Structure formats: structure tokens, C-alpha cells
Amino acid sequence: MISPNLIKDLSALLGAENVFTSEADRQCYSYDSAVLPPKVPALVLRPTQTEQIGEVVRLCYEAGLAITVRGAGSNLSGGTVPDTVDSAVILTNSLQKILEINTEDLYAVVQPGVVTAQFAAAVEAKGLFYPPDPGSMSVSTLAGNIAENAGGLRGLKYGVTKDYVMGLEFYDYEGNLVKTGSRTVKCVTGFNLAGLMVGSEGTMGVISKAILKLVPPPRASRAITAEFADVQDAADAVAAMIAAHVVPCTLELLDQATLKYVEADQKIGLPVEAAAMLLIEVDGHPGQVADEAAIVEEVLKKCNATGIHIPKDAEEKNKLWAARRNALPALARARPTCVLEDATVPRSKIPAMIKNLNEIAAKYKLDMGTFGHAGDGNLHPTILCDKRDKEEFSRVEAAVDEIFDVALKLGGTLSGEHGIGTAKAKWMEKETSKGTILFSQRMRRAIDPKGLFNACKITGM
Amino acid sequence: MSDISRLARTLMKLDDKLADCMRCGLCQAVCPVFGVTHNEADVTRGKLALLDNLAHKIIQDPDAVEEKLNRCLLCGSCQANCPSGVSIMEIFMEARQALVDYRGLNPIKKLVFRELLTHPQLFSAMMRTAAPFQGLVMRQKGAKTYDMPLLSKLVGSRHIAKLPAKSLHAKYGSLHTESQVGVKVLFFAGCMADKYYTQLGEACLKVLKHHGVGIVMPSDLTCCGIPALASGDRKGFVMETQKNLDVIGRELVGGGIDYVVTPCGSCTATLKEWWPYFIQEFSPDQQKTVKAVAERVMDINAFLVDVLHVDQMEPGERHAGKVTRVTFHDSCHLKKSVGVFEQPRKLIRMNPDYELVEMAEADRCCGCGGSFTLFHYDLSKEIGQRKRDNIVRSGAAAVATGCPACMLQLSDMLSQNKDEVQVKHPIEIYAETLPD
């Protein structure tokens, strides 16, 4: 199917060691972290210099090969699973250079394959702060974060990836280099193409460089945890904190099922009788932190928190935070398959959402734990199952459909931070409109006339 | 049934374990091989996907899968970091065996695992014969390291130390000393401390004797079996382990052995985890010994600190001369399998002639991986270079580590880079504080 000449040209360009054609190698790029059927690409290509990306794209596009770009393959909606077997997967994970960290103008310039956690550490070493912290940050790549508009625990106060993209360079289907944005805070030169690329899930072009915003790190922080006998009280506390003009940098919620799973797995003395637990952290100037922590404590008491803990030091905080860190592992260990959703609702609707989630779990006789970012309404209902059990998995699929229904009814959205990919593509119109799908498809046709850039993702073409 | 169907059926026995992987890919953060190549087939997620596909006959190329599977140090970093808690090491060991059953064992490995390592006298005799002649082929490269250009086919361009004239067992024979403190141990030196780093074996004996511990060291112990197991040679592993079990069983009969102590993280992990994992391979008597050993086996650092509490005794005397900065490398099996990492550091702090400084990524694999380094020396060297860089950046003049295989790798890496950094076992550093 793939012409020997194409392989020859690509090998000449990239070096034979960066053109993977063997069945075993190709099978390793047929999946990502989403629970979806794998699709084995025809070819896997790894540029080792950003300049090669344009030529790789041009050659593949001319040959009519579908193109899926892949960083760490850690996304949860299937964005890095190829559409068809006639696909080339383009790897960005050898493009790992941090080109510049500018401490005067507060930005950094990076290649696409830099690992998020390594970048955050390098920025920290220079005395600055890059806040987006998706759960996969120890492996995820920055361009992957941009393509998925990845979020994380700090979303409420610090925003998500899109809030840190100042500029981008990417290659279009003909291999032309497109530049958008700038190293300056203000820039209205041309269309905001960077805004279009953020969250585009590999449908527009291939990112080769990014200019990212950095911020000064908070000088102090304080952590507080609280338990509640009623989820409604926890949600009231969240709303009351915001109403009191305190915006915590972390505001995480664990429901009772999650607390029980974590406690069964870790035995760290969690309050398994509590209906919910909140983990709160305020940061900023030391004076401000002290004031805000006092307000948070007051709010928690008013909202009937049954237990409030203020860790004395970093060690004690780590112990309490372990509950959140271990939430997903504990759930994942309970059963072979773990379907991690991210339907998001306005934060005032959290109690209604959790009530509905528990009803859905009961209705379909499924094990579910819910945790997530209470501050921004981004919950992670996590269904524990075994995808090999077809009957059970069909109940999982029905439950997931119903979760989306409920989230939309409550004025929420299909996905807070995992993306649409193929996993949620069929729901797009229900949340948006027929016109939205048509508009998106027409725009995509103009940018990708042959329909080769991750064509099945988001809206289809 | 075709061979490949039989192989698939064997691998399907691992289906429940394989299904636990949720493909999150977090193993990419810690895998030393992936850290060098960035190939998905080199990281655990990729390997598990391939094994899953082989079991379900989605891939029909066992040779390719075996080639990928063997590009792994079995360091266990992925398992220690796996959110789903996948039993990765069990899957890899079993899969390697299934593939060896399908393809047959490399004849050199067969000879080594089933003949040489099961006959300790033969192994020692060979080493004895080789030792006097090594000067003919060894060329000095560092203070204590040499390369062997004439034997490059066998050892590559490795820089290694000279073989000792006599192994520990040859020197001491079968050792039985009584305890003065009511604690008696069976000392399982392991191949490396017995035949190569004999000064380490001697330091262990010195420390144990100093603290009045009774020592039993039978002269006919053999390899713990991990090299055979890692190479998929279950038969060789069973043969070696049976020998050991018979020897140890004999010593356990009279009672009185409180602990089995080794100076090697890999031996400790093997006796503690792998002997029990394959317990069904052994006779009822041997099974009793497996259980008795698994209950008693301890790394020597952990034994000295947790049982004898030597860290609460008076530290050693400060000698004249400079204080040596020393950094500690956490051997994978010692930290990630057995959970020992504080105790060796405590022992090092007992010697005031040394100052312990931490290196970056102290628990990242050194790249040795036992026989991995023999078959993938280039990869092993690239992984080792990162460790070497971290050691040198720490500013230490010495590096200590609790596993002789790591010592071998660190010596080679440092010598290749012409670094004058000594490589020691923490027991050697601690032993220096004790009178001869």
C-alpha cells in the first residue's frame, strides 16, 4: 500500500532509524490512554529536527496518507489513535529542547515534545512558574497539552493550557510554516491562529514550536482539608469561598466511594464515613494567604464541615494530599478497566451531578467513584469494569451516555479537559448545534482539503 | 496445534494480569530504556500491548516480540510507579519463559545457566584457572580497571577490575561460627561477592564477626537463579535453586539460623520474591525451605540497621586525612523490590571519614540489568552515562551502592569517562570503621 519510494524519501529525510515499518513497532502506536479499539498505522515517523516536520507532512499528504500526530500518547479521548490503517503517525517526542526561558519578559520557547513536568521543573529552577498540571504531566508533551487544551488541578485560579499559549509555529498540509502570536503580552497581528490550534486535537496542522507564558510563583501557600456529611454542604462551601472572594489554587473533591477505594488500597486513615472530602489550598503573598486561610476555615465551619484539618508542615500536607494523588491509582487497581470521564458542570450543580452519578451507577449496577476539581465543576466520574466482559461493558457505555445527558441538562459540557477525540464525537451536536458542526467541517475542509488530519476526530469531516 | 498457537495459549494464562494495564503510559516517566530511545516498544506499555497481541494472535511474529521484550533491564521502576499496580515483573518473567520454550534457549546461556552455575566447584575452578592468566589479556585503563581488547567479542570494550586470586569460598571453605549475641545468619554471598568482589564478601564477614553474629556459609551454594530466570530459562533457574535449597535445607535442619543475609539487592529480591513465586517447581521438602528462606532473607544493610541497630552505636573514629564525599546509588532491586534505601545511608553515616551527599535521580537505574548489559551493551552504556553524569555532578569522590552488579556498571562507566571516583559497597565503608 505504501510505495517503496515514499519510504525511501522519508528514510533519506529522517534517517532509516526514524522510519518504523515493522508490524511490532507499528502496533505500539495503535492506542492511547482512551478505552477505545486500537488501529495500527501503516507507518510511524519520528522527526528529530523541527524543520523536518514540514517535509514529512508534505510527503505524507501528497501520498494521501492520513496523519495522526503523537506526543506521549497519554490522552484520554482517542486523539492519538489513528483513524485508519492507511495512516502515518508522526512522533514529536524526540523534539525535546527548551529553546529559551526568559526571566525578564516571562515567557519560554519550546519544541513540541518537551515533557510538561520537565518543563515545569526547568521553569521553577529559574524562579518562575508554569501552572498547567494535567494528571499525565510526568509524561505528557507540551504540544500534546496544547492540542488537547489540557487542564489540571490549578484550573480555577490559574487557568488551563490555553491561557499560557502566547504564540505558535506549525506546519500546514503543504509543509508551509505558519507563525502566529508573539513574545509580547499584546499582539493583534493577524488572526488568532494559536487560539484555533489550542484544542484542535491534531486536525489543523503539526505544531513545531510554542511560546508559553510564565508567571511569578506564589510566595506562600496553605493547605486545608475538610470532611462533610452531605455533598450539598461541600458544594455550598465551595460556592461560599468564591462568594467571599477567595479563589483557592487547589479545590479538589473526593466522594465517599472514592474515599472508600483509596482507604481500602492505601490504609491511610481516611474518613470513609464522610459523604465528601475537600482538599483546599490557597496561595499568594504570605499576608494574603493567612487572611484567605482564615476565611476558608470560617466558611467551612459555617457550611457544616464535620472535620477540618490544617497540616502543620509539608510532610503532613503530603500525607493528606496522598488521598487525592492516590484516587485514580486506587480506583484503577480495583478492576482491570477504568473508564475515566470528565463531564463538567457549573460548580453550583456539583451536588445535583453527584446525586445523578450515584443514581446512574446504581441503575446500571456499576462500580463508580467520583473525584475531581470542585472549584471548576470538572468532575471525574470513574467507572470500574472489565472491558473483556461484553455484557458489563455495554452497561458502561449506556451509563456514559446517560452521564453526558445529565451534564448537558445541568448546563455543563461533555469534556472539561480530556478532549472530544473519537470518544465523544457523536455527542458534539447535542451540546452545540448543527450549524456548529457544519461550520467546523467547512473550516476543516479549507485547511485540510483531502481530509487527512485526524479526520474522524471532534466533528468528523 | 501449531507452535504459535501453543505459545498464544501459554500467554493467554497471563490475560488477567495483562488486562490490568490501562495504557496510561506513565511508565514512560521512569523507564531507563525509553529514556534513551523514546521508542514505545521499549517502554512497558508497548511491551504489554505486544504481549497482549501475541496472546490474541493479532501479531504473528514472536521473534519481533521477543526482541522487544528483551530490551528491558527488569529494574522494576515501571512496576513501582504503575498506577494500576500491574504485576509487570511476573508478566515479563513468564513471557520470557514462554518465548524461550517456543524458540529454544541460546546455547551459551544454556551452558552457563545449567552447567556452570549449577556446579559451583566447576565455576570456581574455572575462575581459579583464569585468574593467573588475566594479565596476558588485560590492559590497564583506570586506577583499578582494565579492558580486554583480545576478548572484545565476549566483554565488549568494558573496563573491569582484575579477578581475585581466590574466591571467598575457596579461601574460607565451609564456614560455621557460633554467635556471641544470640543471632545467627546464613550468609548468601552471591556469585559476585564470592568470585569477583571478594573484598566485599570479606568486609561482610568482618562486620558480622565484629558484631558477634554467628555465621553459616556453606561452600556449595550456587547462583540465586536470577540470570537464568531473566533469560527465560526456567529449567536452569529451577536446577540452580534446587541445589541451593538442598544446601540451605541441610543447614536449617538443626535450627538456630535466624536470618539469611546477602550483600546483593538482586539476590535478596530473588530469594524473597522469585523462589516463592515458583514454589510449585520444588519438592515438598524444598518448598519448606523456600518458605523458611523467604521469611528470613534480608539485605545485609537492613540486617545491620533493623536487627542489630548498629546505627545507634558509637560511630567510627575519625582518621587523619581528608573527608571523602560519597554519594549513594539506589540499586533497583534493593529499593524498588525490597524497599531498602535508608539503611545503607545510615551505615555510610557511621563512618566520619565520609560525607554523604545525594546525587540527582539516585534511584534511577544504572543500566546494568545483569545479562542485559551483555546483550545490549550500547544501550546499557547510554543509560549508565546519565548515572555517571549525576554521580560526577554531585561532586562526590566515591559512590556507594548495595548491589555488586551496579558496582560493576558504575566502575565501567566512571572508568570509560576517566573519572577518578571510587566505587564501594556501603558495607565496605562501614567495615572501615571497625578494627581488623
# chains A, B, ... in the order shown; residues from 1 in each chain; ligands from 1
$ interface_residues --of "chain A" --to "chain B" --cutoff "7 Å" --atoms "only C-alpha atoms" --output "PDB file with N, CA and C atoms, in the first residue's frame"
ATOM      1  N   ALA A  24       5.581  -5.013  14.650  1.00  0.00           N
ATOM      2  CA  ALA A  24       5.672  -4.873  16.105  1.00  0.00           C
ATOM      3  C   ALA A  24       5.780  -3.399  16.490  1.00  0.00           C
ATOM      4  N   ASP A  25       6.603  -2.656  15.773  1.00  0.00           N
ATOM      5  CA  ASP A  25       6.739  -1.230  16.096  1.00  0.00           C
ATOM      6  C   ASP A  25       5.425  -0.486  15.844  1.00  0.00           C
ATOM      7  N   CYS A  28       2.648  -0.662  18.364  1.00  0.00           N
ATOM      8  CA  CYS A  28       2.850   0.105  19.596  1.00  0.00           C
ATOM      9  C   CYS A  28       2.341   1.543  19.479  1.00  0.00           C
ATOM     10  N   ASP A  32      -3.987   4.792  22.639  1.00  0.00           N
ATOM     11  CA  ASP A  32      -3.523   5.759  23.630  1.00  0.00           C
ATOM     12  C   ASP A  32      -4.206   5.407  24.944  1.00  0.00           C
ATOM     13  N   SER A  33      -4.398   6.382  25.828  1.00  0.00           N
ATOM     14  CA  SER A  33      -4.944   6.035  27.153  1.00  0.00           C
ATOM     15  C   SER A  33      -6.470   5.922  27.165  1.00  0.00           C
ATOM     16  N   SER A  74      -0.777   9.917  25.785  1.00  0.00           N
ATOM     17  CA  SER A  74      -1.416   9.765  27.091  1.00  0.00           C
ATOM     18  C   SER A  74      -2.807  10.381  27.117  1.00  0.00           C
ATOM     19  N   ASN A  93       8.130  13.216  20.054  1.00  0.00           N
ATOM     20  CA  ASN A  93       8.812  13.082  21.344  1.00  0.00           C
ATOM     21  C   ASN A  93      10.339  13.091  21.270  1.00  0.00           C
ATOM     22  N   SER A 136      -1.276  13.679  33.697  1.00  0.00           N
ATOM     23  CA  SER A 136      -0.250  12.897  33.000  1.00  0.00           C
ATOM     24  C   SER A 136       1.035  13.688  32.811  1.00  0.00           C
ATOM     25  N   SER A 138       3.831  13.974  34.060  1.00  0.00           N
ATOM     26  CA  SER A 138       5.166  13.361  34.139  1.00  0.00           C
ATOM     27  C   SER A 138       5.590  12.783  32.790  1.00  0.00           C
ATOM     28  N   VAL A 139       4.637  12.568  31.882  1.00  0.00           N
ATOM     29  CA  VAL A 139       4.981  12.045  30.555  1.00  0.00           C
ATOM     30  C   VAL A 139       4.454  12.905  29.405  1.00  0.00           C
ATOM     31  N   PRO A 329      -5.110   5.894  41.028  1.00  0.00           N
ATOM     32  CA  PRO A 329      -4.496   4.574  41.192  1.00  0.00           C
ATOM     33  C   PRO A 329      -5.375   3.605  41.980  1.00  0.00           C
ATOM     34  N   ALA A 332      -8.134   2.534  39.823  1.00  0.00           N
ATOM     35  CA  ALA A 332      -7.631   1.719  38.717  1.00  0.00           C
ATOM     36  C   ALA A 332      -7.277   0.311  39.171  1.00  0.00           C
ATOM     37  N   ARG A 333      -6.841   0.186  40.403  1.00  0.00           N
ATOM     38  CA  ARG A 333      -6.421  -1.127  40.893  1.00  0.00           C
ATOM     39  C   ARG A 333      -7.595  -2.031  41.236  1.00  0.00           C
ATOM     40  N   PRO A 336      -9.904  -4.377  36.290  1.00  0.00           N
ATOM     41  CA  PRO A 336      -8.958  -4.264  35.168  1.00  0.00           C
ATOM     42  C   PRO A 336      -9.114  -2.986  34.348  1.00  0.00           C
ATOM     43  N   THR A 337     -10.361  -2.602  34.017  1.00  0.00           N
ATOM     44  CA  THR A 337     -10.550  -1.444  33.145  1.00  0.00           C
ATOM     45  C   THR A 337     -11.102  -0.269  33.947  1.00  0.00           C
ATOM     46  N   CYS A 338     -10.657   0.905  33.588  1.00  0.00           N
ATOM     47  CA  CYS A 338     -11.026   2.089  34.349  1.00  0.00           C
ATOM     48  C   CYS A 338     -11.426   3.151  33.325  1.00  0.00           C
TER      49      CYS A 338
END
$ residues_around --residues "Ala16 in chain A" --least-positions-apart "3" --cutoff "12 Å" --atoms "only C-alpha atoms" --output "JSON, numbers by chain"
{"A": [7, 8, 9, 10, 11, 12, 13, 19, 20, 21, 44, 45, 46, 47, 48]}
$ closest_residue --among "B:Asp330, B:Thr129, B:Phe113, B:Ile160" --to "Thr222 in chain B" --atoms "only C-alpha atoms"
B:Phe113
$ select_by_dssp --residues "range 175-314 of chain A" --states "strand (DSSP E or B)" --output "PyMOL selection string"
chain A and resi 177-181+206-213+215+220-228+250-255+276-284+307-309
$ closest_atom_pairs --of "range 158-273 of chain A" --to "range 441-456 of chain A" --cutoff "9 Å" --atoms "only C-alpha atoms" --output "CSV"
residue,atom,partner,partner_atom,distance
A:Asp172,CA,A:Ile447,CA,7.7
A:Tyr173,CA,A:Asp448,CA,6.5
A:Glu201,CA,A:Asn454,CA,7.7
A:Gly202,CA,A:Asn454,CA,6.0
A:Thr203,CA,A:Phe453,CA,4.7
A:Met204,CA,A:Ile447,CA,6.5
A:Gly205,CA,A:Phe453,CA,7.1
$ select_by_dssp --residues "range 198-426 of chain A" --states "alpha helix (DSSP H)" --output "ChimeraX atom specification"
/A:231-243,256-266,286-302,314-325,327-334,350-363,390-409
$ closest_residue --among "A:Leu279, A:Ala322, A:Leu196, A:Leu156" --to "Asn378 in chain A" --atoms "only C-alpha atoms"
A:Leu156
$ residues_around --residues "range 201-216 of chain B" --least-positions-apart "3" --cutoff "6 Å" --atoms "only C-alpha atoms" --output "number ranges by chain"
B: 175-181, 183-186, 193, 198, 428, 431
$ residues_around --residues "range 403-418 of chain B" --least-positions-apart "3" --cutoff "6 Å" --atoms "only C-alpha atoms" --output "list in words"
Gly142, His159, Cys264, Gly265 and Cys368 of chain B
$ atom_distance --atom1 "CA of Leu214 in chain A" --atom2 "CA of Leu76 in chain A"
26.3 Å
$ closest_residue --among "A:Ser208, A:Ser221, A:Asn326, A:Gln256" --to "Phe170 in chain A" --atoms "only C-alpha atoms"
A:Ser208
$ closest_residue --among "B:Gly35, B:Pro227, B:Pro218, B:Gly173" --to "Leu117 in chain B" --atoms "only C-alpha atoms"
B:Pro227
$ residues_around --residues "Ser337 in chain B" --least-positions-apart "6" --cutoff "12 Å" --atoms "only C-alpha atoms" --output "PDB file with N, CA and C atoms, in the first residue's frame"
ATOM      1  N   LEU B  74      14.572  -5.196  33.543  1.00  0.00           N
ATOM      2  CA  LEU B  74      13.846  -5.802  34.665  1.00  0.00           C
ATOM      3  C   LEU B  74      14.161  -5.049  35.963  1.00  0.00           C
ATOM      4  N   CYS B  75      14.318  -3.739  35.837  1.00  0.00           N
ATOM      5  CA  CYS B  75      14.673  -2.931  37.014  1.00  0.00           C
ATOM      6  C   CYS B  75      13.459  -2.719  37.916  1.00  0.00           C
ATOM      7  N   GLY B  76      12.256  -2.886  37.350  1.00  0.00           N
ATOM      8  CA  GLY B  76      11.047  -2.766  38.172  1.00  0.00           C
ATOM      9  C   GLY B  76      10.620  -1.327  38.436  1.00  0.00           C
ATOM     10  N   SER B  77      11.254  -0.351  37.785  1.00  0.00           N
ATOM     11  CA  SER B  77      10.867   1.045  38.012  1.00  0.00           C
ATOM     12  C   SER B  77       9.418   1.274  37.590  1.00  0.00           C
ATOM     13  N   CYS B  78       9.021   0.646  36.476  1.00  0.00           N
ATOM     14  CA  CYS B  78       7.654   0.827  35.976  1.00  0.00           C
ATOM     15  C   CYS B  78       6.645   0.276  36.980  1.00  0.00           C
ATOM     16  N   GLN B  79       6.943  -0.909  37.490  1.00  0.00           N
ATOM     17  CA  GLN B  79       6.006  -1.536  38.431  1.00  0.00           C
ATOM     18  C   GLN B  79       5.877  -0.689  39.704  1.00  0.00           C
ATOM     19  N   ALA B  80       7.000  -0.154  40.163  1.00  0.00           N
ATOM     20  CA  ALA B  80       6.962   0.666  41.381  1.00  0.00           C
ATOM     21  C   ALA B  80       6.167   1.951  41.153  1.00  0.00           C
ATOM     22  N   ASN B  81       6.031   2.353  39.894  1.00  0.00           N
ATOM     23  CA  ASN B  81       5.392   3.627  39.558  1.00  0.00           C
ATOM     24  C   ASN B  81       4.028   3.442  38.891  1.00  0.00           C
ATOM     25  N   MET B  89       6.599  -7.444  36.509  1.00  0.00           N
ATOM     26  CA  MET B  89       7.763  -8.335  36.542  1.00  0.00           C
ATOM     27  C   MET B  89       7.339  -9.790  36.361  1.00  0.00           C
ATOM     28  N   GLY B 265      21.351  -6.771  46.313  1.00  0.00           N
ATOM     29  CA  GLY B 265      19.927  -6.470  46.213  1.00  0.00           C
ATOM     30  C   GLY B 265      19.195  -7.469  45.334  1.00  0.00           C
ATOM     31  N   SER B 266      19.840  -7.901  44.252  1.00  0.00           N
ATOM     32  CA  SER B 266      19.179  -8.823  43.333  1.00  0.00           C
ATOM     33  C   SER B 266      19.011 -10.200  43.969  1.00  0.00           C
ATOM     34  N   CYS B 267      20.059 -10.675  44.673  1.00  0.00           N
ATOM     35  CA  CYS B 267      19.930 -11.980  45.363  1.00  0.00           C
ATOM     36  C   CYS B 267      18.803 -11.894  46.390  1.00  0.00           C
ATOM     37  N   THR B 268      18.769 -10.820  47.173  1.00  0.00           N
ATOM     38  CA  THR B 268      17.744 -10.688  48.204  1.00  0.00           C
ATOM     39  C   THR B 268      16.356 -10.763  47.575  1.00  0.00           C
ATOM     40  N   ALA B 269      16.167  -9.994  46.506  1.00  0.00           N
ATOM     41  CA  ALA B 269      14.859  -9.970  45.850  1.00  0.00           C
ATOM     42  C   ALA B 269      14.491 -11.347  45.303  1.00  0.00           C
ATOM     43  N   THR B 270      15.490 -12.046  44.764  1.00  0.00           N
ATOM     44  CA  THR B 270      15.214 -13.362  44.192  1.00  0.00           C
ATOM     45  C   THR B 270      14.787 -14.350  45.268  1.00  0.00           C
ATOM     46  N   LEU B 271      15.537 -14.371  46.367  1.00  0.00           N
ATOM     47  CA  LEU B 271      15.206 -15.316  47.445  1.00  0.00           C
ATOM     48  C   LEU B 271      13.861 -14.976  48.077  1.00  0.00           C
ATOM     49  N   LYS B 272      13.570 -13.686  48.145  1.00  0.00           N
ATOM     50  CA  LYS B 272      12.357 -13.241  48.819  1.00  0.00           C
ATOM     51  C   LYS B 272      11.120 -13.355  47.932  1.00  0.00           C
ATOM     52  N   GLU B 273      11.288 -13.069  46.631  1.00  0.00           N
ATOM     53  CA  GLU B 273      10.123 -12.998  45.751  1.00  0.00           C
ATOM     54  C   GLU B 273      10.034 -14.124  44.731  1.00  0.00           C
ATOM     55  N   TRP B 274      11.152 -14.390  44.048  1.00  0.00           N
ATOM     56  CA  TRP B 274      11.059 -15.335  42.925  1.00  0.00           C
ATOM     57  C   TRP B 274      11.068 -16.775  43.373  1.00  0.00           C
ATOM     58  N   ASP B 299      18.591  -8.106  53.235  1.00  0.00           N
ATOM     59  CA  ASP B 299      19.775  -7.430  52.734  1.00  0.00           C
ATOM     60  C   ASP B 299      20.666  -7.096  53.931  1.00  0.00           C
ATOM     61  N   ASP B 330      20.886   4.068  44.545  1.00  0.00           N
ATOM     62  CA  ASP B 330      19.904   3.061  44.952  1.00  0.00           C
ATOM     63  C   ASP B 330      19.787   1.994  43.875  1.00  0.00           C
ATOM     64  N   SER B 331      20.221   0.783  44.177  1.00  0.00           N
ATOM     65  CA  SER B 331      20.031  -0.329  43.247  1.00  0.00           C
ATOM     66  C   SER B 331      18.542  -0.571  43.102  1.00  0.00           C
TER      67      SER B 331
END
